[in-house]
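**Student:** To be precise about what I am sending: the file is called model32.pdb and holds PDB, C-alpha atoms, pLDDT in the B column.
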ATOM      1  CA  MET A   1      66.679  29.345 -10.264  1.00 70.00           C
ATOM      2  CA  PRO A   2      64.582  32.413  -9.403  1.00 80.00           C
ATOM      3  CA  THR A   3      63.556  32.761  -5.780  1.00 89.00           C
ATOM      4  CA  TYR A   4      59.973  32.847  -4.580  1.00 94.00           C
ATOM      5  CA  SER A   5      58.524  34.270  -1.420  1.00 95.00           C
ATOM      6  CA  TYR A   6      56.350  32.493   1.087  1.00 95.00           C
ATOM      7  CA  ARG A   7      53.588  34.862  -0.091  1.00 94.00           C
ATOM      8  CA  ASP A   8      53.903  33.386  -3.598  1.00 94.00           C
ATOM      9  CA  LEU A   9      53.628  29.959  -2.046  1.00 95.00           C
ATOM     10  CA  ALA A  10      50.512  30.973  -0.100  1.00 95.00           C
ATOM     11  CA  ARG A  11      48.883  32.397  -3.248  1.00 95.00           C
ATOM     12  CA  VAL A  12      49.465  29.135  -5.082  1.00 96.00           C
ATOM     13  CA  CYS A  13      48.124  27.137  -2.130  1.00 96.00           C
ATOM     14  CA  ALA A  14      44.921  29.195  -2.265  1.00 96.00           C
ATOM     15  CA  ALA A  15      44.637  28.680  -6.030  1.00 95.00           C
ATOM     16  CA  LEU A  16      45.045  24.926  -5.531  1.00 95.00           C
ATOM     17  CA  GLY A  17      41.999  24.911  -3.286  1.00 94.00           C
ATOM     18  CA  LEU A  18      43.800  24.528   0.032  1.00 97.00           C
ATOM     19  CA  GLN A  19      42.349  26.143   3.127  1.00 97.00           C
ATOM     20  CA  ARG A  20      44.208  28.692   5.204  1.00 97.00           C
ATOM     21  CA  LYS A  21      44.288  28.138   8.934  1.00 96.00           C
ATOM     22  CA  SER A  22      45.781  30.511  11.491  1.00 96.00           C
ATOM     23  CA  THR A  23      48.182  28.800  13.851  1.00 95.00           C
ATOM     24  CA  LYS A  24      49.855  29.879  17.082  1.00 94.00           C
ATOM     25  CA  THR A  25      52.976  30.902  15.189  1.00 94.00           C
ATOM     26  CA  GLY A  26      51.807  31.762  11.709  1.00 95.00           C
ATOM     27  CA  GLU A  27      49.572  30.042   9.231  1.00 97.00           C
ATOM     28  CA  ALA A  28      49.050  26.643   7.694  1.00 97.00           C
ATOM     29  CA  TRP A  29      47.580  25.531   4.400  1.00 97.00           C
ATOM     30  CA  LEU A  30      45.743  22.259   4.392  1.00 97.00           C
ATOM     31  CA  GLY A  31      43.423  20.170   2.304  1.00 96.00           C
ATOM     32  CA  VAL A  32      43.694  18.079  -0.813  1.00 94.00           C
ATOM     33  CA  SER A  33      45.785  19.540  -3.631  1.00 93.00           C
ATOM     34  CA  SER A  34      43.779  19.806  -6.839  1.00 91.00           C
ATOM     35  CA  LEU A  35      46.953  18.796  -8.691  1.00 93.00           C
ATOM     36  CA  SER A  36      48.082  15.721  -6.806  1.00 91.00           C
ATOM     37  CA  ARG A  37      44.706  14.766  -5.249  1.00 92.00           C
ATOM     38  CA  ARG A  38      46.611  14.079  -2.056  1.00 92.00           C
ATOM     39  CA  PRO A  39      46.490  15.735   1.362  1.00 95.00           C
ATOM     40  CA  VAL A  40      48.813  18.658   1.931  1.00 96.00           C
ATOM     41  CA  PHE A  41      49.809  20.314   5.185  1.00 96.00           C
ATOM     42  CA  LEU A  42      52.153  23.238   4.728  1.00 96.00           C
ATOM     43  CA  VAL A  43      53.141  25.458   7.644  1.00 96.00           C
ATOM     44  CA  ILE A  44      54.380  29.010   7.117  1.00 96.00           C
ATOM     45  CA  HIS A  45      55.985  30.382  10.258  1.00 95.00           C
ATOM     46  CA  GLN A  46      55.300  34.049  11.041  1.00 93.00           C
ATOM     47  CA  HIS A  47      59.035  34.787  10.975  1.00 90.00           C
ATOM     48  CA  ALA A  48      59.307  33.387   7.460  1.00 88.00           C
ATOM     49  CA  ALA A  49      56.120  34.842   5.988  1.00 82.00           C
ATOM     50  CA  ALA A  50      57.716  37.911   4.378  1.00 86.00           C
ATOM     51  CA  ARG A  51      60.882  36.069   3.358  1.00 92.00           C
ATOM     52  CA  ASP A  52      62.042  34.259   0.266  1.00 95.00           C
ATOM     53  CA  VAL A  53      61.960  30.483   0.320  1.00 96.00           C
ATOM     54  CA  PRO A  54      65.405  28.832   0.357  1.00 96.00           C
ATOM     55  CA  ALA A  55      65.895  26.890  -2.861  1.00 93.00           C
ATOM     56  CA  GLY A  56      66.330  23.530  -1.120  1.00 91.00           C
ATOM     57  CA  LEU A  57      63.029  23.947   0.666  1.00 94.00           C
ATOM     58  CA  PHE A  58      61.255  25.311  -2.369  1.00 95.00           C
ATOM     59  CA  VAL A  59      61.813  22.046  -4.253  1.00 94.00           C
ATOM     60  CA  LYS A  60      60.237  20.150  -1.357  1.00 94.00           C
ATOM     61  CA  TYR A  61      57.171  22.425  -1.293  1.00 96.00           C
ATOM     62  CA  VAL A  62      56.721  22.266  -5.064  1.00 96.00           C
ATOM     63  CA  SER A  63      56.783  18.483  -5.026  1.00 94.00           C
ATOM     64  CA  GLY A  64      54.454  18.284  -2.022  1.00 94.00           C
ATOM     65  CA  LEU A  65      51.887  20.478  -3.758  1.00 96.00           C
ATOM     66  CA  GLY A  66      51.905  18.177  -6.783  1.00 95.00           C
ATOM     67  CA  PHE A  67      53.974  20.135  -9.281  1.00 96.00           C
ATOM     68  CA  LEU A  68      56.408  18.198 -11.437  1.00 95.00           C
ATOM     69  CA  ASP A  69      59.172  20.742 -10.967  1.00 94.00           C
ATOM     70  CA  PRO A  70      59.840  24.425 -10.155  1.00 94.00           C
ATOM     71  CA  HIS A  71      59.238  25.380 -13.784  1.00 94.00           C
ATOM     72  CA  GLU A  72      55.662  24.052 -13.606  1.00 96.00           C
ATOM     73  CA  PHE A  73      55.142  26.027 -10.387  1.00 96.00           C
ATOM     74  CA  ARG A  74      56.475  29.159 -12.078  1.00 94.00           C
ATOM     75  CA  MET A  75      54.102  28.744 -15.019  1.00 95.00           C
ATOM     76  CA  TYR A  76      51.160  28.088 -12.680  1.00 95.00           C
ATOM     77  CA  LEU A  77      51.967  31.194 -10.647  1.00 94.00           C
ATOM     78  CA  LYS A  78      52.264  33.262 -13.827  1.00 92.00           C
ATOM     79  CA  ASP A  79      49.176  31.971 -15.631  1.00 90.00           C
ATOM     80  CA  ARG A  80      46.703  30.875 -12.959  1.00 84.00           C
ATOM     81  CA  VAL A  81      47.269  33.025  -9.895  1.00 80.00           C
TER      82      VAL A  81
ATOM     83  CA  MET B   1      47.029   1.626  18.705  1.00 49.00           C
ATOM     84  CA  PRO B   2      44.815   0.914  15.686  1.00 48.00           C
ATOM     85  CA  ALA B   3      45.092  -2.582  14.259  1.00 47.00           C
ATOM     86  CA  ASP B   4      44.153  -3.227  10.669  1.00 48.00           C
ATOM     87  CA  ASP B   5      41.257  -5.405   9.579  1.00 45.00           C
ATOM     88  CA  ARG B   6      43.423  -8.423   8.825  1.00 43.00           C
ATOM     89  CA  SER B   7      44.736  -8.629  12.388  1.00 46.00           C
ATOM     90  CA  THR B   8      41.236  -8.892  13.825  1.00 46.00           C
ATOM     91  CA  GLU B   9      39.827 -11.266  11.223  1.00 54.00           C
ATOM     92  CA  THR B  10      42.468 -13.849  12.063  1.00 62.00           C
ATOM     93  CA  PRO B  11      44.070 -12.918  15.367  1.00 61.00           C
ATOM     94  CA  PRO B  12      47.444 -14.602  15.847  1.00 63.00           C
ATOM     95  CA  ALA B  13      46.984 -17.804  17.835  1.00 66.00           C
ATOM     96  CA  SER B  14      49.884 -16.929  20.112  1.00 68.00           C
ATOM     97  CA  LEU B  15      48.260 -13.686  21.272  1.00 72.00           C
ATOM     98  CA  GLU B  16      45.298 -13.246  23.529  1.00 84.00           C
ATOM     99  CA  TYR B  17      42.160 -12.006  21.822  1.00 89.00           C
ATOM    100  CA  VAL B  18      39.216 -10.715  23.821  1.00 93.00           C
ATOM    101  CA  GLY B  19      35.840  -9.500  22.755  1.00 93.00           C
ATOM    102  CA  VAL B  20      34.484  -6.034  23.450  1.00 90.00           C
ATOM    103  CA  ARG B  21      32.115  -7.280  26.147  1.00 91.00           C
ATOM    104  CA  GLU B  22      34.880  -9.117  27.958  1.00 93.00           C
ATOM    105  CA  LEU B  23      37.149  -6.096  27.670  1.00 94.00           C
ATOM    106  CA  ARG B  24      34.463  -3.838  29.124  1.00 93.00           C
ATOM    107  CA  GLN B  25      33.726  -6.208  31.998  1.00 96.00           C
ATOM    108  CA  HIS B  26      37.331  -6.894  32.920  1.00 95.00           C
ATOM    109  CA  LEU B  27      39.124  -3.751  31.732  1.00 95.00           C
ATOM    110  CA  SER B  28      40.883  -3.093  35.000  1.00 96.00           C
ATOM    111  CA  SER B  29      42.262  -6.609  35.418  1.00 95.00           C
ATOM    112  CA  ILE B  30      43.223  -6.843  31.724  1.00 95.00           C
ATOM    113  CA  LEU B  31      45.150  -3.555  31.881  1.00 95.00           C
ATOM    114  CA  ASP B  32      46.768  -4.666  35.101  1.00 96.00           C
ATOM    115  CA  SER B  33      47.905  -7.977  33.630  1.00 93.00           C
ATOM    116  CA  VAL B  34      49.186  -6.299  30.444  1.00 94.00           C
ATOM    117  CA  VAL B  35      51.421  -4.058  32.510  1.00 94.00           C
ATOM    118  CA  ARG B  36      52.432  -6.592  35.170  1.00 94.00           C
ATOM    119  CA  GLU B  37      52.974  -9.587  32.895  1.00 93.00           C
ATOM    120  CA  GLN B  38      54.108  -7.642  29.807  1.00 91.00           C
ATOM    121  CA  ARG B  39      51.289  -9.232  27.798  1.00 90.00           C
ATOM    122  CA  VAL B  40      49.737  -8.121  24.545  1.00 92.00           C
ATOM    123  CA  VAL B  41      45.971  -8.304  24.263  1.00 94.00           C
ATOM    124  CA  TYR B  42      44.035  -7.888  21.051  1.00 93.00           C
ATOM    125  CA  ALA B  43      40.482  -6.689  21.450  1.00 93.00           C
ATOM    126  CA  GLY B  44      37.668  -6.353  18.965  1.00 89.00           C
ATOM    127  CA  ASN B  45      34.159  -7.372  18.081  1.00 87.00           C
ATOM    128  CA  LYS B  46      34.283 -11.158  17.940  1.00 83.00           C
ATOM    129  CA  VAL B  47      30.914 -11.427  16.206  1.00 83.00           C
ATOM    130  CA  ARG B  48      31.065  -8.724  13.580  1.00 85.00           C
ATOM    131  CA  GLY B  49      34.837  -8.591  13.149  1.00 81.00           C
ATOM    132  CA  GLY B  50      36.293  -5.384  11.721  1.00 83.00           C
ATOM    133  CA  PRO B  51      39.072  -3.196  13.071  1.00 84.00           C
ATOM    134  CA  GLY B  52      40.298  -3.897  16.573  1.00 89.00           C
ATOM    135  CA  VAL B  53      42.912  -2.610  18.965  1.00 92.00           C
ATOM    136  CA  ALA B  54      46.081  -3.981  20.474  1.00 93.00           C
ATOM    137  CA  ILE B  55      46.825  -3.220  24.109  1.00 95.00           C
ATOM    138  CA  ILE B  56      50.521  -3.293  24.931  1.00 95.00           C
ATOM    139  CA  PRO B  57      52.519  -1.911  27.853  1.00 96.00           C
ATOM    140  CA  ALA B  58      53.423   1.757  27.299  1.00 94.00           C
ATOM    141  CA  GLN B  59      57.040   0.972  28.102  1.00 94.00           C
ATOM    142  CA  VAL B  60      57.125  -1.636  25.328  1.00 95.00           C
ATOM    143  CA  LEU B  61      55.660   0.903  22.910  1.00 96.00           C
ATOM    144  CA  GLN B  62      58.439   3.340  23.790  1.00 95.00           C
ATOM    145  CA  GLU B  63      61.044   0.639  23.253  1.00 96.00           C
ATOM    146  CA  LEU B  64      59.546  -0.311  19.898  1.00 96.00           C
ATOM    147  CA  LEU B  65      59.684   3.323  18.851  1.00 98.00           C
ATOM    148  CA  THR B  66      63.419   3.568  19.551  1.00 97.00           C
ATOM    149  CA  ALA B  67      63.857   1.938  16.137  1.00 97.00           C
ATOM    150  CA  PHE B  68      62.466   5.105  14.554  1.00 98.00           C
ATOM    151  CA  THR B  69      65.066   7.842  14.544  1.00 97.00           C
ATOM    152  CA  PHE B  70      65.242  11.260  12.937  1.00 98.00           C
ATOM    153  CA  SER B  71      67.979  12.538  10.639  1.00 96.00           C
ATOM    154  CA  PRO B  72      67.350  16.264  10.248  1.00 96.00           C
ATOM    155  CA  GLU B  73      69.060  17.874   7.282  1.00 94.00           C
ATOM    156  CA  VAL B  74      70.563  21.295   7.992  1.00 95.00           C
ATOM    157  CA  ARG B  75      71.581  23.712   5.306  1.00 95.00           C
ATOM    158  CA  TYR B  76      72.489  27.338   4.817  1.00 95.00           C
ATOM    159  CA  ASP B  77      71.076  29.072   1.759  1.00 95.00           C
ATOM    160  CA  ASP B  78      73.502  31.683   0.437  1.00 94.00           C
ATOM    161  CA  GLU B  79      70.942  33.290  -1.826  1.00 94.00           C
ATOM    162  CA  THR B  80      68.404  34.092   0.905  1.00 94.00           C
ATOM    163  CA  ASN B  81      70.926  34.155   3.778  1.00 94.00           C
ATOM    164  CA  GLN B  82      68.891  31.762   5.864  1.00 95.00           C
ATOM    165  CA  TYR B  83      69.392  28.469   7.613  1.00 96.00           C
ATOM    166  CA  PHE B  84      66.837  25.769   7.126  1.00 96.00           C
ATOM    167  CA  ILE B  85      66.194  22.303   8.509  1.00 97.00           C
ATOM    168  CA  ILE B  86      64.170  19.559   6.895  1.00 97.00           C
ATOM    169  CA  VAL B  87      62.923  16.590   8.908  1.00 97.00           C
ATOM    170  CA  HIS B  88      62.196  14.210   6.061  1.00 96.00           C
ATOM    171  CA  GLU B  89      60.628  11.563   8.290  1.00 97.00           C
ATOM    172  CA  ILE B  90      57.567  13.774   8.874  1.00 97.00           C
ATOM    173  CA  CYS B  91      58.049  16.252   6.021  1.00 96.00           C
ATOM    174  CA  ALA B  92      58.450  19.211   8.425  1.00 97.00           C
ATOM    175  CA  ASP B  93      60.861  22.121   8.177  1.00 97.00           C
ATOM    176  CA  GLY B  94      62.040  25.334   9.784  1.00 96.00           C
ATOM    177  CA  VAL B  95      63.711  28.482   8.469  1.00 96.00           C
ATOM    178  CA  GLY B  96      65.632  31.190  10.333  1.00 95.00           C
ATOM    179  CA  ASP B  97      68.437  33.728  10.413  1.00 94.00           C
ATOM    180  CA  SER B  98      70.415  31.871  13.050  1.00 94.00           C
ATOM    181  CA  PRO B  99      70.700  28.243  14.166  1.00 95.00           C
ATOM    182  CA  ALA B 100      68.682  29.037  17.309  1.00 95.00           C
ATOM    183  CA  ASP B 101      65.916  30.815  15.346  1.00 95.00           C
ATOM    184  CA  THR B 102      65.771  27.947  12.880  1.00 96.00           C
ATOM    185  CA  ALA B 103      65.526  25.288  15.578  1.00 97.00           C
ATOM    186  CA  GLU B 104      62.749  27.243  17.317  1.00 97.00           C
ATOM    187  CA  ALA B 105      60.835  27.672  14.055  1.00 96.00           C
ATOM    188  CA  LEU B 106      61.177  23.957  13.369  1.00 97.00           C
ATOM    189  CA  LEU B 107      59.843  23.072  16.826  1.00 98.00           C
ATOM    190  CA  ASP B 108      56.886  25.447  16.330  1.00 97.00           C
ATOM    191  CA  ASN B 109      56.149  23.864  12.967  1.00 97.00           C
ATOM    192  CA  VAL B 110      56.541  20.303  14.249  1.00 98.00           C
ATOM    193  CA  GLU B 111      54.022  21.062  17.009  1.00 97.00           C
ATOM    194  CA  GLU B 112      51.576  22.216  14.334  1.00 97.00           C
ATOM    195  CA  HIS B 113      52.241  19.080  12.280  1.00 97.00           C
ATOM    196  CA  LEU B 114      51.657  16.878  15.326  1.00 97.00           C
ATOM    197  CA  GLU B 115      48.357  18.504  16.161  1.00 97.00           C
ATOM    198  CA  GLU B 116      47.154  18.342  12.566  1.00 97.00           C
ATOM    199  CA  PHE B 117      48.247  14.748  11.993  1.00 97.00           C
ATOM    200  CA  PHE B 118      46.446  13.328  14.994  1.00 97.00           C
ATOM    201  CA  THR B 119      43.394  15.562  14.478  1.00 97.00           C
ATOM    202  CA  ARG B 120      42.843  14.085  11.015  1.00 96.00           C
ATOM    203  CA  ALA B 121      44.754  10.813  11.279  1.00 96.00           C
ATOM    204  CA  ASP B 122      41.826   8.947   9.724  1.00 95.00           C
ATOM    205  CA  VAL B 123      42.324  10.984   6.528  1.00 95.00           C
ATOM    206  CA  TYR B 124      46.128  10.851   6.446  1.00 96.00           C
ATOM    207  CA  MET B 125      46.242   7.113   7.156  1.00 96.00           C
ATOM    208  CA  ARG B 126      44.548   6.441   3.814  1.00 95.00           C
ATOM    209  CA  TYR B 127      47.795   7.381   2.080  1.00 96.00           C
ATOM    210  CA  GLU B 128      50.937   5.260   2.117  1.00 95.00           C
ATOM    211  CA  GLU B 129      53.376   8.167   2.558  1.00 94.00           C
ATOM    212  CA  TYR B 130      51.492   9.333   5.655  1.00 96.00           C
ATOM    213  CA  ARG B 131      51.120   5.814   7.064  1.00 97.00           C
ATOM    214  CA  ARG B 132      54.913   5.596   7.020  1.00 97.00           C
ATOM    215  CA  MET B 133      55.040   8.757   9.152  1.00 98.00           C
ATOM    216  CA  TYR B 134      52.748   7.374  11.844  1.00 98.00           C
ATOM    217  CA  PRO B 135      55.400   5.834  14.138  1.00 98.00           C
ATOM    218  CA  TYR B 136      57.500   9.002  13.884  1.00 98.00           C
ATOM    219  CA  TYR B 137      54.559  11.185  14.870  1.00 98.00           C
ATOM    220  CA  LEU B 138      53.711   8.745  17.640  1.00 98.00           C
ATOM    221  CA  LYS B 139      57.255   8.952  18.963  1.00 98.00           C
ATOM    222  CA  LEU B 140      57.180  12.758  18.913  1.00 98.00           C
ATOM    223  CA  SER B 141      53.797  12.794  20.640  1.00 97.00           C
ATOM    224  CA  LEU B 142      55.345  10.983  23.607  1.00 96.00           C
ATOM    225  CA  ALA B 143      57.820  13.817  24.240  1.00 96.00           C
ATOM    226  CA  PRO B 144      56.551  15.504  27.419  1.00 95.00           C
ATOM    227  CA  GLY B 145      57.917  18.965  26.599  1.00 96.00           C
ATOM    228  CA  ARG B 146      59.654  21.115  24.042  1.00 96.00           C
ATOM    229  CA  LYS B 147      63.145  20.243  25.250  1.00 96.00           C
ATOM    230  CA  GLN B 148      62.415  16.537  24.898  1.00 97.00           C
ATOM    231  CA  LEU B 149      60.840  17.190  21.501  1.00 98.00           C
ATOM    232  CA  ALA B 150      64.111  18.802  20.373  1.00 98.00           C
ATOM    233  CA  GLU B 151      66.092  15.848  21.728  1.00 97.00           C
ATOM    234  CA  THR B 152      63.808  13.342  20.027  1.00 97.00           C
ATOM    235  CA  LEU B 153      64.323  15.157  16.733  1.00 98.00           C
ATOM    236  CA  GLY B 154      68.088  15.069  17.282  1.00 96.00           C
ATOM    237  CA  LEU B 155      68.423  18.854  17.329  1.00 96.00           C
ATOM    238  CA  ASP B 156      70.652  18.769  20.415  1.00 91.00           C
ATOM    239  CA  THR B 157      73.427  16.995  18.503  1.00 89.00           C
ATOM    240  CA  LEU B 158      73.281  18.977  15.264  1.00 90.00           C
ATOM    241  CA  ALA B 159      76.326  20.890  14.058  1.00 84.00           C
ATOM    242  CA  TRP B 160      75.668  24.072  12.115  1.00 86.00           C
ATOM    243  CA  SER B 161      77.756  25.537   9.335  1.00 80.00           C
ATOM    244  CA  ARG B 162      77.388  28.092   6.588  1.00 76.00           C
ATOM    245  CA  SER B 163      79.178  25.877   4.111  1.00 62.00           C
ATOM    246  CA  GLY B 164      75.884  24.866   2.509  1.00 50.00           C
ATOM    247  CA  ASP B 165      76.632  21.193   3.047  1.00 48.00           C
ATOM    248  CA  ALA B 166      73.931  19.074   4.625  1.00 46.00           C
ATOM    249  CA  ASN B 167      74.181  18.441   8.359  1.00 45.00           C
ATOM    250  CA  VAL B 168      77.838  19.423   8.710  1.00 36.00           C
TER     251      VAL B 168
END
Could you write out this file's structure as structure tokens?

**Tutor:**
Amino acid sequence: MPTYSYRDLARVCAALGLQRKSTKTGEAWLGVSSLSRRPVFLVIHQHAAARDVPAGLFVKYVSGLGFLDPHEFRMYLKDRV
Amino acid sequence: MPADDRSTETPPASLEYVGVRELRQHLSSILDSVVREQRVVYAGNKVRGGPGVAIIPAQVLQELLTAFTFSPEVRYDDETNQYFIIVHEICADGVGDSPADTAEALLDNVEEHLEEFFTRADVYMRYEEYRRMYPYYLKLSLAPGRKQLAETLGLDTLAWSRSGDANV
């Protein structure tokens, strides 16, 4: 599975209509995902911001944002962001 | 502690139920008796009904919350050379180069989750998956400091490995 950065994740969060909020130790994305129609709260720590997302965590984020699987996320990132 | 509509429409006969006016007039003595006699008091609008509250001793609340424990999952990702922890009970995580960095990042993130959850609890509580998280957030909110927060999450007993296996 290809790896994605936290920046990719943030770009998708913005495209899904989530709001960016600065936190004490980084940033958070919150709001209702336009995909799942459910609230999302995703924290990106400042130490992780420029890093790639570990695969095990990536699956969790993808699901939380309302994507069916990583492939759907990849297509969304490619076509919509 | 919020009580749902059903609990105030038909308060259990075995529990004491007081109206808002009575609660306001006798708040001090009611709180005193709840603590001293380990009572539970339901309070709400007796005329209009609707959501009410349950007043229980704080110590009892803490004991009730002991049933809610955390099982953090620790992994090492060979591809990105990072550790990560997932706390499934509240859907929080942390990433780092070392076990210490990862634990610190998790604690930072959990503090953000806590603040956000209780700031907009009225929104989150409309969804089943977030309602299930409520007692876990409540338990974490009772931790008086960061060290206790780490203990509550079970971080003090975690073993770390680069094998890639969960929580080894």

**Student:** I'd like to know which of A:Ala55, A:Val62, A:Leu18, A:Leu68 is closest to chain B, using only C-alpha atoms.

**Tutor:**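 So, comparing all the options, the nearest one is A:Ala55.
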
**Student:** I'd like the residues picked by the PyMOL selection byres ((chain A) within 12 of (chain B)) written out as a short mmCIF file (atom, residue, chain, number, x, y, z; two decimals) with C-alpha atoms, keeping the file's coordinate frame, using the chain letters and numbers from the file.

**Tutor:**
data_model
loop_
_atom_site.label_atom_id
_atom_site.label_comp_id
_atom_site.auth_asym_id
_atom_site.auth_seq_id
_atom_site.Cartn_x
_atom_site.Cartn_y
_atom_site.Cartn_z
CA MET A 1 66.68 29.34 -10.26
CA PRO A 2 64.58 32.41 -9.40
CA THR A 3 63.56 32.76 -5.78
CA TYR A 4 59.97 32.85 -4.58
CA SER A 5 58.52 34.27 -1.42
CA TYR A 6 56.35 32.49 1.09
CA LYS A 21 44.29 28.14 8.93
CA SER A 22 45.78 30.51 11.49
CA THR A 23 48.18 28.80 13.85
CA LYS A 24 49.86 29.88 17.08
CA THR A 25 52.98 30.90 15.19
CA GLY A 26 51.81 31.76 11.71
CA GLU A 27 49.57 30.04 9.23
CA ALA A 28 49.05 26.64 7.69
CA TRP A 29 47.58 25.53 4.40
CA LEU A 30 45.74 22.26 4.39
CA GLY A 31 43.42 20.17 2.30
CA VAL A 32 43.69 18.08 -0.81
CA ARG A 37 44.71 14.77 -5.25
CA ARG A 38 46.61 14.08 -2.06
CA PRO A 39 46.49 15.74 1.36
CA VAL A 40 48.81 18.66 1.93
CA PHE A 41 49.81 20.31 5.18
CA LEU A 42 52.15 23.24 4.73
CA VAL A 43 53.14 25.46 7.64
CA ILE A 44 54.38 29.01 7.12
CA HIS A 45 55.98 30.38 10.26
CA GLN A 46 55.30 34.05 11.04
CA HIS A 47 59.04 34.79 10.98
CA ALA A 48 59.31 33.39 7.46
CA ALA A 49 56.12 34.84 5.99
CA ALA A 50 57.72 37.91 4.38
CA ARG A 51 60.88 36.07 3.36
CA ASP A 52 62.04 34.26 0.27
CA VAL A 53 61.96 30.48 0.32
CA PRO A 54 65.40 28.83 0.36
CA ALA A 55 65.90 26.89 -2.86
CA GLY A 56 66.33 23.53 -1.12
CA LEU A 57 63.03 23.95 0.67
CA PHE A 58 61.26 25.31 -2.37
CA VAL A 59 61.81 22.05 -4.25
CA LYS A 60 60.24 20.15 -1.36
CA TYR A 61 57.17 22.42 -1.29
CA SER A 63 56.78 18.48 -5.03
CA GLY A 64 54.45 18.28 -2.02
#

**Student:** Hey, can you check how far atom CA of B:Arg21 sits from atom CA of B:Gln59?

**Tutor:**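 According to the coordinates, atom CA of B:Arg21 and atom CA of B:Gln59 are separated by 26.3 Å.
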
**Student:** Hey, can you check how far atom CA of A:Lys78 sits from atom CA of A:Ser34?

**Tutor:**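 Taking atom CA of A:Lys78 and atom CA of A:Ser34, their separation equals 17.4 Å.
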
**Student:** Hey, can you check how far atom CA of B:Gly52 sits from atom CA of B:Phe70?

**Tutor:**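 Atom CA of B:Gly52 sits 29.4 Å away from atom CA of B:Phe70.
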
**Student:** Compute the distance from (50.3, 2.4, 26.8) to each atom, counting only C-alpha atoms, keep the residues with any atom at most 12 Å away, and return them as a VMD selection string; use the coordinates of the file.

**Tutor:** chain B and resid 1 31 to 32 34 to 35 38 to 41 53 to 64 138 142

**Student:** Residues within 9 Å of A:Val12, please, as number ranges by chain. Count all atoms listed in the file; anything in the same chain fewer than 6 positions from it doesn't count.

**Tutor:** A: 18, 73, 76-77, 80-81

**Student:** Can you give me, as a list in words, the residues this file yields under the PyMOL selection byres ((chain B and resi 152-164) around 9)?

**Tutor:**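 Checked against the file, the PyMOL selection byres ((chain B and resi 152-164) around 9) matches Thr69, Phe70, Ser71, Pro72, Val74, Arg75, Tyr76, Asp77, Asp78, Tyr83, Val87, Pro99, Ala103, Lys139, Leu140, Ala143, Lys147, Gln148, Leu149, Ala150, Glu151, Asp165, Ala166, Asn167 and Val168 of chain B.
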
**Student:** Which of these residues is nearest to B:Glu104, using only C-alpha atoms: B:Arg146, B:Arg36, B:Lys46, B:Arg132?

**Tutor:**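 Checking each of B:Arg146, B:Arg36, B:Lys46, B:Arg132 against B:Glu104, counting only C-alpha atoms, the winner is B:Arg146.
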
**Student:** For stretch 53-65 of chain A, supply N, CA and C atoms and report the output as an mmCIF file, keeping the file's coordinate frame.

**Tutor:**
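Now in result36.cif:
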data_model
loop_
_atom_site.group_PDB
_atom_site.id
_atom_site.type_symbol
_atom_site.label_atom_id
_atom_site.label_comp_id
_atom_site.auth_asym_id
_atom_site.auth_seq_id
_atom_site.Cartn_x
_atom_site.Cartn_y
_atom_site.Cartn_z
ATOM 1 N N VAL A 53 61.830 31.897 -0.042
ATOM 2 C CA VAL A 53 61.960 30.483 0.320
ATOM 3 C C VAL A 53 63.336 29.982 -0.123
ATOM 4 N N PRO A 54 64.123 29.413 0.780
ATOM 5 C CA PRO A 54 65.405 28.832 0.357
ATOM 6 C C PRO A 54 65.177 27.784 -0.730
ATOM 7 N N ALA A 55 66.088 27.751 -1.688
ATOM 8 C CA ALA A 55 65.895 26.890 -2.861
ATOM 9 C C ALA A 55 65.675 25.418 -2.482
ATOM 10 N N GLY A 56 66.447 24.940 -1.510
ATOM 11 C CA GLY A 56 66.330 23.530 -1.120
ATOM 12 C C GLY A 56 64.960 23.192 -0.555
ATOM 13 N N LEU A 57 64.371 24.155 0.109
ATOM 14 C CA LEU A 57 63.029 23.947 0.666
ATOM 15 C C LEU A 57 61.966 24.107 -0.408
ATOM 16 N N PHE A 58 62.233 25.026 -1.322
ATOM 17 C CA PHE A 58 61.255 25.311 -2.369
ATOM 18 C C PHE A 58 60.948 24.044 -3.182
ATOM 19 N N VAL A 59 61.986 23.287 -3.485
ATOM 20 C CA VAL A 59 61.813 22.046 -4.253
ATOM 21 C C VAL A 59 60.897 21.080 -3.497
ATOM 22 N N LYS A 60 61.071 21.026 -2.187
ATOM 23 C CA LYS A 60 60.237 20.150 -1.357
ATOM 24 C C LYS A 60 58.770 20.604 -1.406
ATOM 25 N N TYR A 61 58.543 21.913 -1.273
ATOM 26 C CA TYR A 61 57.171 22.425 -1.293
ATOM 27 C C TYR A 61 56.501 22.151 -2.645
ATOM 28 N N VAL A 62 57.250 22.433 -3.708
ATOM 29 C CA VAL A 62 56.721 22.266 -5.064
ATOM 30 C C VAL A 62 56.269 20.826 -5.286
ATOM 31 N N SER A 63 57.110 19.901 -4.877
ATOM 32 C CA SER A 63 56.783 18.483 -5.026
ATOM 33 C C SER A 63 55.579 18.105 -4.162
ATOM 34 N N GLY A 64 55.551 18.595 -2.933
ATOM 35 C CA GLY A 64 54.454 18.284 -2.022
ATOM 36 C C GLY A 64 53.113 18.795 -2.518
ATOM 37 N N LEU A 65 53.130 19.911 -3.241
ATOM 38 C CA LEU A 65 51.887 20.478 -3.758
ATOM 39 C C LEU A 65 51.412 19.762 -5.025
#
